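Engineer: Supplied structure: data-v3.cif, mmCIF, C-alpha atoms.
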```cif
data_coords
#
loop_
_atom_site.label_atom_id
_atom_site.label_comp_id
_atom_site.auth_asym_id
_atom_site.auth_seq_id
_atom_site.Cartn_x
_atom_site.Cartn_y
_atom_site.Cartn_z
CA MET A 1 -34.37 -29.51 40.08
CA ILE A 2 -31.46 -30.49 42.30
CA PHE A 3 -29.32 -31.90 39.52
CA HIS A 4 -29.83 -28.68 37.50
CA LYS A 5 -28.33 -26.55 40.26
CA THR A 6 -25.58 -29.09 40.93
CA LEU A 7 -24.60 -29.23 37.27
CA LEU A 8 -24.64 -25.47 36.83
CA ARG A 9 -22.48 -24.93 39.89
CA GLU A 10 -19.95 -27.60 38.91
CA MET A 11 -19.80 -26.49 35.27
CA ALA A 12 -19.22 -22.88 36.33
CA THR A 13 -16.37 -23.92 38.65
CA THR A 14 -14.79 -26.13 36.00
CA ALA A 15 -15.18 -23.41 33.35
CA LEU A 16 -13.48 -20.81 35.54
CA ALA A 17 -10.52 -23.09 36.27
CA THR A 18 -10.24 -24.12 32.60
CA PHE A 19 -10.43 -20.55 31.35
CA LEU A 20 -7.72 -19.38 33.74
CA VAL A 21 -5.42 -22.20 32.63
CA LEU A 22 -6.00 -21.53 28.92
CA LEU A 23 -5.64 -17.79 29.45
CA GLY A 24 -2.36 -18.34 31.27
CA ILE A 25 -1.03 -20.45 28.40
CA VAL A 26 -2.02 -17.90 25.76
CA LEU A 27 -0.77 -15.02 27.89
CA THR A 28 2.64 -16.66 28.35
CA THR A 29 3.13 -17.60 24.70
CA GLN A 30 2.05 -14.20 23.38
CA LEU A 31 4.12 -12.35 25.95
CA VAL A 32 7.22 -14.32 24.97
CA ARG A 33 6.54 -13.57 21.28
CA LEU A 34 6.07 -9.84 21.89
CA LEU A 35 9.13 -9.63 24.12
CA ALA A 36 11.16 -11.27 21.36
CA LEU A 37 9.87 -8.65 18.90
CA ALA A 38 10.73 -5.89 21.38
CA ALA A 39 14.23 -7.30 21.85
CA GLY A 40 14.68 -7.35 18.08
CA GLY A 41 13.56 -3.75 17.74
CA SER A 42 10.37 -4.47 15.77
CA ILE A 43 8.29 -2.91 18.54
CA THR A 44 9.08 -0.79 21.56
CA SER A 45 9.11 -2.17 25.08
CA THR A 46 6.37 0.26 26.06
CA SER A 47 4.01 -1.15 23.42
CA VAL A 48 4.17 -4.75 24.65
CA ILE A 49 1.34 -4.40 27.18
CA ALA A 50 -0.99 -2.64 24.72
CA LEU A 51 -0.40 -5.19 21.95
CA LEU A 52 -0.75 -8.02 24.46
CA GLY A 53 -4.16 -6.71 25.51
CA PHE A 54 -5.39 -6.39 21.93
CA THR A 55 -4.09 -9.89 21.12
CA LEU A 56 -5.83 -11.45 24.12
CA ILE A 57 -9.15 -9.90 23.12
CA GLY A 58 -8.76 -11.53 19.71
CA PHE A 59 -8.17 -14.93 21.34
CA LEU A 60 -11.13 -14.68 23.74
CA PRO A 61 -13.81 -16.16 21.42
CA THR A 62 -11.74 -19.29 20.80
CA LEU A 63 -10.78 -19.57 24.47
CA LEU A 64 -14.39 -19.27 25.64
CA SER A 65 -15.56 -21.81 23.06
CA LEU A 66 -12.94 -24.32 24.18
CA THR A 67 -13.68 -23.53 27.83
CA LEU A 68 -17.39 -24.23 27.35
CA PHE A 69 -16.72 -27.55 25.63
CA ILE A 70 -14.23 -28.72 28.25
CA ALA A 71 -16.40 -27.60 31.19
CA VAL A 72 -19.47 -29.57 30.03
CA LEU A 73 -17.37 -32.58 29.04
CA MET A 74 -15.38 -32.77 32.27
CA THR A 75 -18.42 -32.22 34.50
CA LEU A 76 -20.49 -34.98 32.93
CA SER A 77 -17.48 -37.33 32.64
CA ARG A 78 -16.88 -36.92 36.36
CA ALA A 79 -20.53 -37.79 37.01
CA TYR A 80 -20.11 -40.97 34.97
CA ARG A 81 -16.90 -41.97 36.78
CA ASP A 82 -18.46 -41.42 40.21
CA SER A 83 -21.60 -43.38 39.19
CA GLU A 84 -23.82 -40.33 39.68
CA MET A 85 -25.23 -40.85 36.19
CA VAL A 86 -26.26 -44.38 37.12
CA VAL A 87 -28.23 -43.00 40.04
CA TRP A 88 -29.99 -40.40 37.90
CA PHE A 89 -30.78 -42.94 35.18
CA SER A 90 -32.13 -45.33 37.82
CA CYS A 91 -34.47 -42.55 38.97
CA GLY A 92 -35.90 -42.31 35.47
CA VAL A 93 -33.98 -39.21 34.36
CA SER A 94 -33.28 -39.47 30.65
CA LEU A 95 -30.08 -38.25 28.98
CA THR A 96 -32.09 -35.58 27.19
CA ARG A 97 -32.87 -33.99 30.56
CA TRP A 98 -29.25 -32.79 30.62
CA ILE A 99 -29.86 -30.59 27.59
CA ALA A 100 -31.74 -27.93 29.57
CA PRO A 101 -29.03 -27.25 32.24
CA VAL A 102 -26.29 -27.36 29.59
CA LEU A 103 -28.18 -24.80 27.52
CA MET A 104 -28.75 -22.64 30.60
CA PHE A 105 -25.01 -22.62 31.14
CA ALA A 106 -23.99 -22.40 27.48
CA VAL A 107 -26.30 -19.70 26.11
CA PRO A 108 -24.74 -16.76 28.07
CA LEU A 109 -21.26 -17.88 27.04
CA VAL A 110 -22.34 -18.35 23.43
CA ALA A 111 -23.85 -14.85 23.45
CA THR A 112 -20.57 -13.49 24.82
CA ILE A 113 -18.64 -15.34 22.11
CA ALA A 114 -20.93 -13.86 19.47
CA VAL A 115 -20.41 -10.32 20.79
CA LEU A 116 -16.66 -10.82 20.89
CA ALA A 117 -16.39 -12.51 17.48
CA LEU A 118 -18.71 -10.14 15.64
CA GLY A 119 -17.78 -6.86 17.31
CA LEU A 120 -15.11 -6.61 19.97
CA SER A 121 -12.40 -8.81 18.45
CA PRO A 122 -12.44 -6.96 15.08
CA TRP A 123 -12.23 -3.68 17.00
CA ALA A 124 -9.21 -4.97 18.94
CA ALA A 125 -7.62 -6.24 15.71
CA GLY A 126 -8.12 -2.81 14.13
CA LYS A 127 -6.58 -1.04 17.13
CA ALA A 128 -3.63 -3.42 17.09
CA GLU A 129 -3.16 -2.82 13.36
CA ASP A 130 -3.24 0.96 13.87
CA TYR A 131 -0.75 0.59 16.70
CA ARG A 132 1.58 -1.48 14.53
CA LYS A 133 1.32 1.07 11.72
CA THR A 134 2.31 3.78 14.18
CA LEU A 135 5.29 1.69 15.26
CA ASP A 136 6.24 0.98 11.64
CA SER A 137 6.20 4.69 10.83
CA ARG A 138 8.59 5.56 13.63
CA ASP A 139 11.76 7.30 12.59
CA ASP A 140 15.18 6.09 13.65
CA ALA A 141 15.52 8.67 16.40
CA SER A 142 12.29 7.70 18.12
CA ALA A 143 13.41 4.05 18.18
CA ILE A 144 16.58 4.79 20.12
CA GLN A 145 16.92 2.95 23.42
CA ALA A 146 19.58 3.47 26.05
CA GLY A 147 22.39 0.93 26.03
CA VAL A 148 21.27 -0.73 22.77
CA PHE A 149 22.92 -0.61 19.35
CA ARG A 150 20.05 0.24 17.00
CA GLU A 151 20.27 -0.32 13.25
CA SER A 152 18.21 1.80 10.86
CA ARG A 153 15.64 0.19 8.57
CA GLN A 154 17.87 0.87 5.55
CA ALA A 155 20.71 -0.97 7.36
CA ASP A 156 23.05 1.96 6.60
CA ARG A 157 23.22 3.47 10.08
CA VAL A 158 23.89 2.24 13.62
CA VAL A 159 23.07 4.41 16.63
CA PHE A 160 24.06 3.93 20.26
CA VAL A 161 23.38 6.14 23.26
CA GLU A 162 24.38 5.43 26.83
CA THR A 163 21.51 7.19 28.64
CA VAL A 164 18.24 8.84 27.67
CA SER A 165 16.55 11.55 29.69
CA GLY A 166 12.76 11.23 29.68
CA LEU A 167 12.20 14.89 30.61
CA ASP A 168 13.91 16.77 27.78
CA ASN A 169 14.68 13.76 25.52
CA ARG A 170 18.41 14.38 25.78
CA VAL A 171 20.97 11.60 25.37
CA THR A 172 24.56 11.22 26.51
CA ASN A 173 27.60 9.57 24.91
CA VAL A 174 26.20 9.33 21.40
CA PHE A 175 27.70 7.03 18.75
CA VAL A 176 26.45 7.12 15.15
CA SER A 177 28.02 5.06 12.37
CA SER A 178 26.70 5.46 8.82
CA THR A 179 27.81 4.18 5.41
CA GLN A 180 27.21 6.05 2.15
CA ASN A 181 28.89 5.57 -1.24
CA GLY A 182 31.41 3.14 0.25
CA LYS A 183 32.54 5.62 2.89
CA THR A 184 31.99 5.13 6.60
CA THR A 185 31.25 8.10 8.81
CA VAL A 186 31.43 7.85 12.58
CA MET A 187 30.13 10.58 14.84
CA VAL A 188 30.86 10.57 18.54
CA ALA A 189 29.39 13.19 20.87
CA LYS A 190 29.14 13.71 24.61
CA GLN A 191 25.54 14.85 24.42
CA GLY A 192 22.68 14.98 21.96
CA PHE A 193 19.01 15.66 21.50
CA GLN A 194 16.21 15.50 18.94
CA GLU A 195 15.23 18.64 17.07
CA LEU A 196 12.17 19.27 14.90
CA ALA A 197 12.64 21.78 12.09
CA PRO A 198 9.86 24.25 11.13
CA ASN A 199 9.24 22.30 7.91
CA GLY A 200 8.65 19.09 9.86
CA ASP A 201 12.04 17.44 9.29
CA ARG A 202 13.50 15.66 12.32
CA PHE A 203 17.18 15.84 13.23
CA LEU A 204 19.38 14.02 15.71
CA VAL A 205 21.80 16.67 17.00
CA GLY A 206 25.14 15.84 18.61
CA LEU A 207 27.04 18.32 20.81
CA ASN A 208 30.77 18.58 21.54
CA GLY A 209 32.08 15.61 19.60
CA TYR A 210 34.16 14.30 16.75
CA ARG A 211 33.42 13.11 13.23
CA TYR A 212 35.51 10.49 11.44
CA GLU A 213 35.09 9.93 7.69
CA GLY A 214 36.90 7.55 5.35
CA GLU A 215 36.95 4.15 3.67
CA PRO A 216 37.51 0.99 5.73
CA GLY A 217 41.05 -0.38 5.36
CA ARG A 218 42.62 2.96 4.45
CA ALA A 219 44.47 5.35 6.72
CA ASP A 220 43.37 8.64 5.13
CA TYR A 221 40.54 9.31 7.53
CA ARG A 222 39.24 12.84 7.95
CA ILE A 223 38.83 13.84 11.56
CA SER A 224 36.89 16.94 12.50
CA GLU A 225 35.77 18.36 15.81
CA PHE A 226 32.40 20.04 16.20
CA GLU A 227 30.28 21.78 18.77
CA ARG A 228 27.02 20.91 17.03
CA TYR A 229 26.36 18.30 14.36
CA ALA A 230 22.87 17.48 13.03
CA VAL A 231 21.88 14.25 11.25
CA ARG A 232 18.57 14.30 9.37
CA VAL A 233 16.32 11.37 10.17
CA GLU A 234 13.90 10.11 7.54
CA THR A 235 10.39 9.13 8.63
CA GLN A 236 9.28 5.80 7.21
CA GLU A 237 5.81 5.37 5.83
CA ALA A 238 4.07 2.25 7.12
CA VAL A 239 3.02 -0.05 4.30
CA ARG A 240 0.76 -2.93 5.26
CA ALA A 241 -1.55 -5.00 3.13
CA PRO A 242 -5.19 -4.37 4.02
CA GLY A 243 -6.63 -7.24 6.06
CA THR A 244 -10.09 -8.52 6.84
CA LYS A 245 -9.71 -9.33 10.53
CA ASN A 246 -9.80 -5.68 11.54
CA LEU A 247 -12.96 -4.86 9.57
CA GLN A 248 -16.24 -4.59 11.43
CA THR A 249 -18.93 -7.15 10.59
CA PRO A 250 -21.24 -4.64 8.80
CA GLU A 251 -18.29 -3.66 6.60
CA LEU A 252 -17.68 -7.30 5.67
CA ILE A 253 -21.33 -7.70 4.69
CA ALA A 254 -21.32 -4.44 2.72
CA LEU A 255 -18.14 -5.26 0.80
CA GLY A 256 -19.28 -8.79 0.01
CA GLU A 257 -16.07 -9.96 -1.66
CA PRO A 258 -15.08 -13.63 -1.24
CA ARG A 259 -12.29 -12.89 1.24
CA HIS A 260 -14.66 -10.78 3.32
CA LEU A 261 -17.31 -13.51 3.26
CA GLY A 262 -14.65 -16.00 4.35
CA GLU A 263 -13.88 -13.91 7.41
CA LEU A 264 -17.61 -13.55 8.06
CA THR A 265 -17.91 -17.35 7.93
CA TRP A 266 -15.34 -17.70 10.71
CA ARG A 267 -17.02 -15.09 12.90
CA ILE A 268 -20.47 -16.65 12.52
CA GLY A 269 -19.06 -20.14 12.94
CA LEU A 270 -17.48 -19.45 16.35
CA PRO A 271 -20.70 -19.02 18.38
CA VAL A 272 -22.56 -21.67 16.35
CA SER A 273 -19.79 -24.21 16.84
CA ALA A 274 -19.56 -23.35 20.54
CA LEU A 275 -23.24 -24.16 21.04
CA LEU A 276 -23.08 -27.39 19.03
CA LEU A 277 -19.93 -28.53 20.81
CA ALA A 278 -21.50 -27.87 24.22
CA LEU A 279 -24.44 -30.13 23.28
CA LEU A 280 -22.11 -32.66 21.65
CA ALA A 281 -20.22 -32.95 24.94
CA ILE A 282 -23.28 -34.59 26.55
CA PRO A 283 -23.09 -37.89 24.62
CA LEU A 284 -19.30 -37.64 24.34
CA SER A 285 -18.93 -37.55 28.12
CA PHE A 286 -19.93 -41.19 28.48
CA VAL A 287 -17.20 -43.16 30.29
CA ASN A 288 -16.84 -46.87 29.64
CA PRO A 289 -14.96 -48.45 32.59
CA ARG A 290 -13.67 -51.27 30.38
CA ALA A 291 -12.24 -48.86 27.79
CA GLY A 292 -10.45 -46.61 30.26
CA ARG A 293 -11.22 -43.16 31.59
CA SER A 294 -9.28 -41.18 29.00
CA ILE A 295 -10.78 -42.63 25.82
CA ASN A 296 -13.71 -40.23 25.76
CA LEU A 297 -11.39 -37.28 26.32
CA ILE A 298 -9.21 -38.34 23.39
CA VAL A 299 -12.27 -38.71 21.18
CA ALA A 300 -13.61 -35.33 22.33
CA VAL A 301 -10.31 -33.60 21.56
CA LEU A 302 -10.25 -35.16 18.09
CA VAL A 303 -13.84 -34.07 17.45
CA TYR A 304 -13.03 -30.51 18.52
CA MET A 305 -9.88 -30.31 16.40
CA ILE A 306 -11.61 -31.75 13.33
CA TYR A 307 -14.55 -29.36 13.72
CA VAL A 308 -12.37 -26.26 14.08
CA ASN A 309 -10.11 -27.30 11.21
CA LEU A 310 -13.10 -27.94 8.97
CA LEU A 311 -14.38 -24.47 9.85
CA SER A 312 -11.03 -23.05 8.74
CA VAL A 313 -11.22 -25.10 5.52
CA ILE A 314 -14.72 -23.81 4.75
CA GLN A 315 -13.49 -20.27 5.44
CA ALA A 316 -10.66 -20.75 2.93
CA TYR A 317 -12.98 -22.27 0.33
CA ILE A 318 -15.40 -19.36 0.61
CA ALA A 319 -12.54 -16.87 0.43
CA GLN A 320 -11.39 -18.59 -2.79
CA SER A 321 -14.93 -18.53 -4.27
CA ARG A 322 -15.01 -22.33 -4.34
CA VAL A 323 -18.04 -22.48 -2.02
CA GLN A 324 -20.84 -19.99 -1.39
CA LEU A 325 -21.41 -18.58 2.09
CA MET A 326 -24.75 -20.14 3.04
CA PRO A 327 -24.11 -23.62 1.53
CA GLY A 328 -20.75 -23.76 3.30
CA LEU A 329 -22.21 -22.83 6.68
CA LEU A 330 -25.22 -25.13 6.33
CA VAL A 331 -23.22 -28.16 5.21
CA LEU A 332 -20.58 -27.95 7.93
CA HIS A 333 -22.82 -27.17 10.89
CA GLY A 334 -25.58 -29.37 9.49
CA VAL A 335 -23.22 -32.37 9.48
CA VAL A 336 -22.23 -31.67 13.09
CA LEU A 337 -25.90 -31.32 14.06
CA LEU A 338 -26.66 -34.65 12.38
CA LEU A 339 -23.75 -36.23 14.24
CA LEU A 340 -25.13 -34.79 17.48
CA LEU A 341 -28.57 -36.32 16.86
CA LEU A 342 -27.06 -39.70 15.94
CA MET A 343 -24.96 -39.81 19.10
CA PHE A 344 -27.96 -38.93 21.25
CA TYR A 345 -29.99 -41.61 19.48
CA ARG A 346 -27.26 -44.18 20.06
CA ARG A 347 -26.89 -43.38 23.75
CA LEU A 348 -30.65 -43.33 24.30
CA SER A 349 -30.96 -46.69 22.55
CA VAL A 350 -28.33 -48.19 24.82
CA TYR A 351 -30.06 -46.87 27.94
CA SER A 352 -33.42 -48.18 26.69
CA LEU A 353 -31.95 -51.66 26.29
CA MET A 354 -30.37 -51.50 29.73
CA ARG A 355 -33.69 -50.54 31.32
CA LEU A 356 -35.42 -53.33 29.35
CA PHE A 357 -33.06 -56.01 30.63
CA THR A 358 -32.96 -54.71 34.21
CA GLY A 359 -36.72 -54.30 34.32
CA ARG A 360 -36.59 -50.65 35.45
#
```
Kindly return the structure encoded in the file as structure tokens.
Structural biologist:
Amino acid sequence: MIFHKTLLREMATTALATFLVLLGIVLTTQLVRLLALAAGGSITSTSVIALLGFTLIGFLPTLLSLTLFIAVLMTLSRAYRDSEMVVWFSCGVSLTRWIAPVLMFAVPLVATIAVLALGLSPWAAGKAEDYRKTLDSRDDASAIQAGVFRESRQADRVVFVETVSGLDNRVTNVFVSSTQNGKTTVMVAKQGFQELAPNGDRFLVGLNGYRYEGEPGRADYRISEFERYAVRVETQEAVRAPGTKNLQTPELIALGEPRHLGELTWRIGLPVSALLLALLAIPLSFVNPRAGRSINLIVAVLVYMIYVNLLSVIQAYIAQSRVQLMPGLLVLHGVVLLLLLLMFYRRLSVYSLMRLFTGR
């Protein structure tokens, strides 16, 4: 019908605009966070884009779920404000007739959310975790950046180089300050480079420089000149607690521990909640002119926040073995489904009374 096509077109336009706005917000906040980590030396500047991409993939299921809810809500609320709903109701179109076009619009998005939540997002989380482990296992020499004082992970060495050549990995104007057994050693060299020994040990080699050794506050410093001075760099092993977000869904099912079932609850709950929220937006979109245009939006936001937070609570309860998987899922989504039916019943009852009094 005409209103099917009109609704689908308007919901698609609203969803696209909403998704771009939400994506821009998430993109900005995550980019600022990653740039702060890069400035602090936790990650390299070259890894920001890769980690940003993996992070955005992890946020996509939530963004699409919120986009779907807002698109249906805003489209139908606009129809109420512009009295289009009154026209359709006067033509004998019931509120339940809006379920079909909403489902036509929602089902592809819900399927996409399911694919992302159950498969693609865990893959992205695993890749991001592997990437972070690689960054954590970097040695001090590989973390050197031109023009930046870089402190080692043991906080016993500070390295500064003025320039870094990307072709042969050579550096100029090297400064290395290290503290061992209460003595401070400073090495200054005009040039330097990284060297890998046959046994796998990595060295930072300085050429044509000076070495100063002594205790702070005393004048008996030892000064020596060298043509070549090598500093062994220790490689750090990355130690991270194993997580559940980066495990694939079949692995969660196979392991079957409470924390794995909790993560499985969240992944299953995302597409289910997206579908229920899309249908819940139909009765929530009603606009009462006497109550103001923003009341329904405030109520809708509260409903969404409560639903998502309850899903997180159920996930935590299942992870703590306080609730079983199936009872937790059925109770939460069953309550929302019951609320959906009650709201439809209430709205349909109101419209039936209006038609009774108007004689239409």
Engineer: Please expand the PyMOL selection byres ((chain A and resi 221-234) around 6) into the concrete residues it hits in this file, giving the result as a PyMOL selection string.
Structural biologist: chain A and resi 202-214+219-220+235
Engineer: As an exercise, work out the distance from CA of Leu297 in chain A to CA of Thr265 in chain A in Å and give it to one decimal place.
Structural biologist: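 Result for CA of Leu297 in chain A versus CA of Thr265 in chain A: 27.9 Å, one decimal.
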Engineer: Any chance you could work out the residue set of the PyMOL selection byres ((chain A and resi 99-110) around 9) here, as a PDB file with C-alpha atoms, in the coordinates of the input?
Structural biologist:
```
ATOM      1  CA  PHE A   3     -29.320 -31.900  39.520  1.00  0.00           C
ATOM      2  CA  HIS A   4     -29.830 -28.680  37.500  1.00  0.00           C
ATOM      3  CA  LYS A   5     -28.330 -26.550  40.260  1.00  0.00           C
ATOM      4  CA  LEU A   7     -24.600 -29.230  37.270  1.00  0.00           C
ATOM      5  CA  LEU A   8     -24.640 -25.470  36.830  1.00  0.00           C
ATOM      6  CA  MET A  11     -19.800 -26.490  35.270  1.00  0.00           C
ATOM      7  CA  ALA A  12     -19.220 -22.880  36.330  1.00  0.00           C
ATOM      8  CA  LEU A  64     -14.390 -19.270  25.640  1.00  0.00           C
ATOM      9  CA  SER A  65     -15.560 -21.810  23.060  1.00  0.00           C
ATOM     10  CA  LEU A  68     -17.390 -24.230  27.350  1.00  0.00           C
ATOM     11  CA  VAL A  72     -19.470 -29.570  30.030  1.00  0.00           C
ATOM     12  CA  LEU A  95     -30.080 -38.250  28.980  1.00  0.00           C
ATOM     13  CA  THR A  96     -32.090 -35.580  27.190  1.00  0.00           C
ATOM     14  CA  ARG A  97     -32.870 -33.990  30.560  1.00  0.00           C
ATOM     15  CA  TRP A  98     -29.250 -32.790  30.620  1.00  0.00           C
ATOM     16  CA  ALA A 111     -23.850 -14.850  23.450  1.00  0.00           C
ATOM     17  CA  THR A 112     -20.570 -13.490  24.820  1.00  0.00           C
ATOM     18  CA  ILE A 113     -18.640 -15.340  22.110  1.00  0.00           C
ATOM     19  CA  ALA A 114     -20.930 -13.860  19.470  1.00  0.00           C
ATOM     20  CA  VAL A 115     -20.410 -10.320  20.790  1.00  0.00           C
ATOM     21  CA  LEU A 270     -17.480 -19.450  16.350  1.00  0.00           C
ATOM     22  CA  PRO A 271     -20.700 -19.020  18.380  1.00  0.00           C
ATOM     23  CA  VAL A 272     -22.560 -21.670  16.350  1.00  0.00           C
ATOM     24  CA  ALA A 274     -19.560 -23.350  20.540  1.00  0.00           C
ATOM     25  CA  LEU A 275     -23.240 -24.160  21.040  1.00  0.00           C
ATOM     26  CA  ALA A 278     -21.500 -27.870  24.220  1.00  0.00           C
ATOM     27  CA  LEU A 279     -24.440 -30.130  23.280  1.00  0.00           C
ATOM     28  CA  ILE A 282     -23.280 -34.590  26.550  1.00  0.00           C
TER      29      ILE A 282
END
```
Engineer: If the PyMOL selection byres ((chain A and resi 122) around 9) were run on this exact file, what residues would it hold? Put them as number ranges by chain.
Structural biologist: A: 58, 116-121, 123-127, 244-249
Engineer: Restricting the calculation to all atoms listed in the file, which member of A:Gly334, A:Gly53, A:Gly269, A:Gly262 is positioned closest to Tyr317 in chain A?
Structural biologist: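 Ranked by minimum distance to Tyr317 in chain A, first place goes to A:Gly262.
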Engineer: Please provide the set of residues having any atom within 9 Å of range 325-328 of chain A, restricted to all atoms listed in the file, with same-chain residues fewer than 2 positions apart removed, written as a PyMOL selection string.
Structural biologist: chain A and resi 258+261-262+264-265+314-315+317-318+323+330-333
Engineer: State, in Å with one decimal place, the distance from CA of Leu339 in chain A to CA of Arg322 in chain A.
Structural biologist: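 So the two atoms, CA of Leu339 in chain A and CA of Arg322 in chain A, lie 24.8 Å apart.
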Engineer: May I ask for the distance between CA of Leu284 in chain A and CA of Asn296 in chain A, given in Å to one decimal place?
Structural biologist: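 Calculated distance between CA of Leu284 in chain A and CA of Asn296 in chain A is 6.3 Å.
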Engineer: Which residue is closest to Leu56 in chain A? Choose from A:Ser77, A:Thr28, A:Thr18, A:Thr184 and count only C-alpha atoms.
Structural biologist: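 Residue with the minimum atom-to-atom distance to Leu56 in chain A: A:Thr28.
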Engineer: Using only C-alpha atoms, find the one residue out of A:Gly256, A:Gly192, A:Arg157, A:Gln324 that sits nearest to Thr179 in chain A.
Structural biologist: A:Arg157
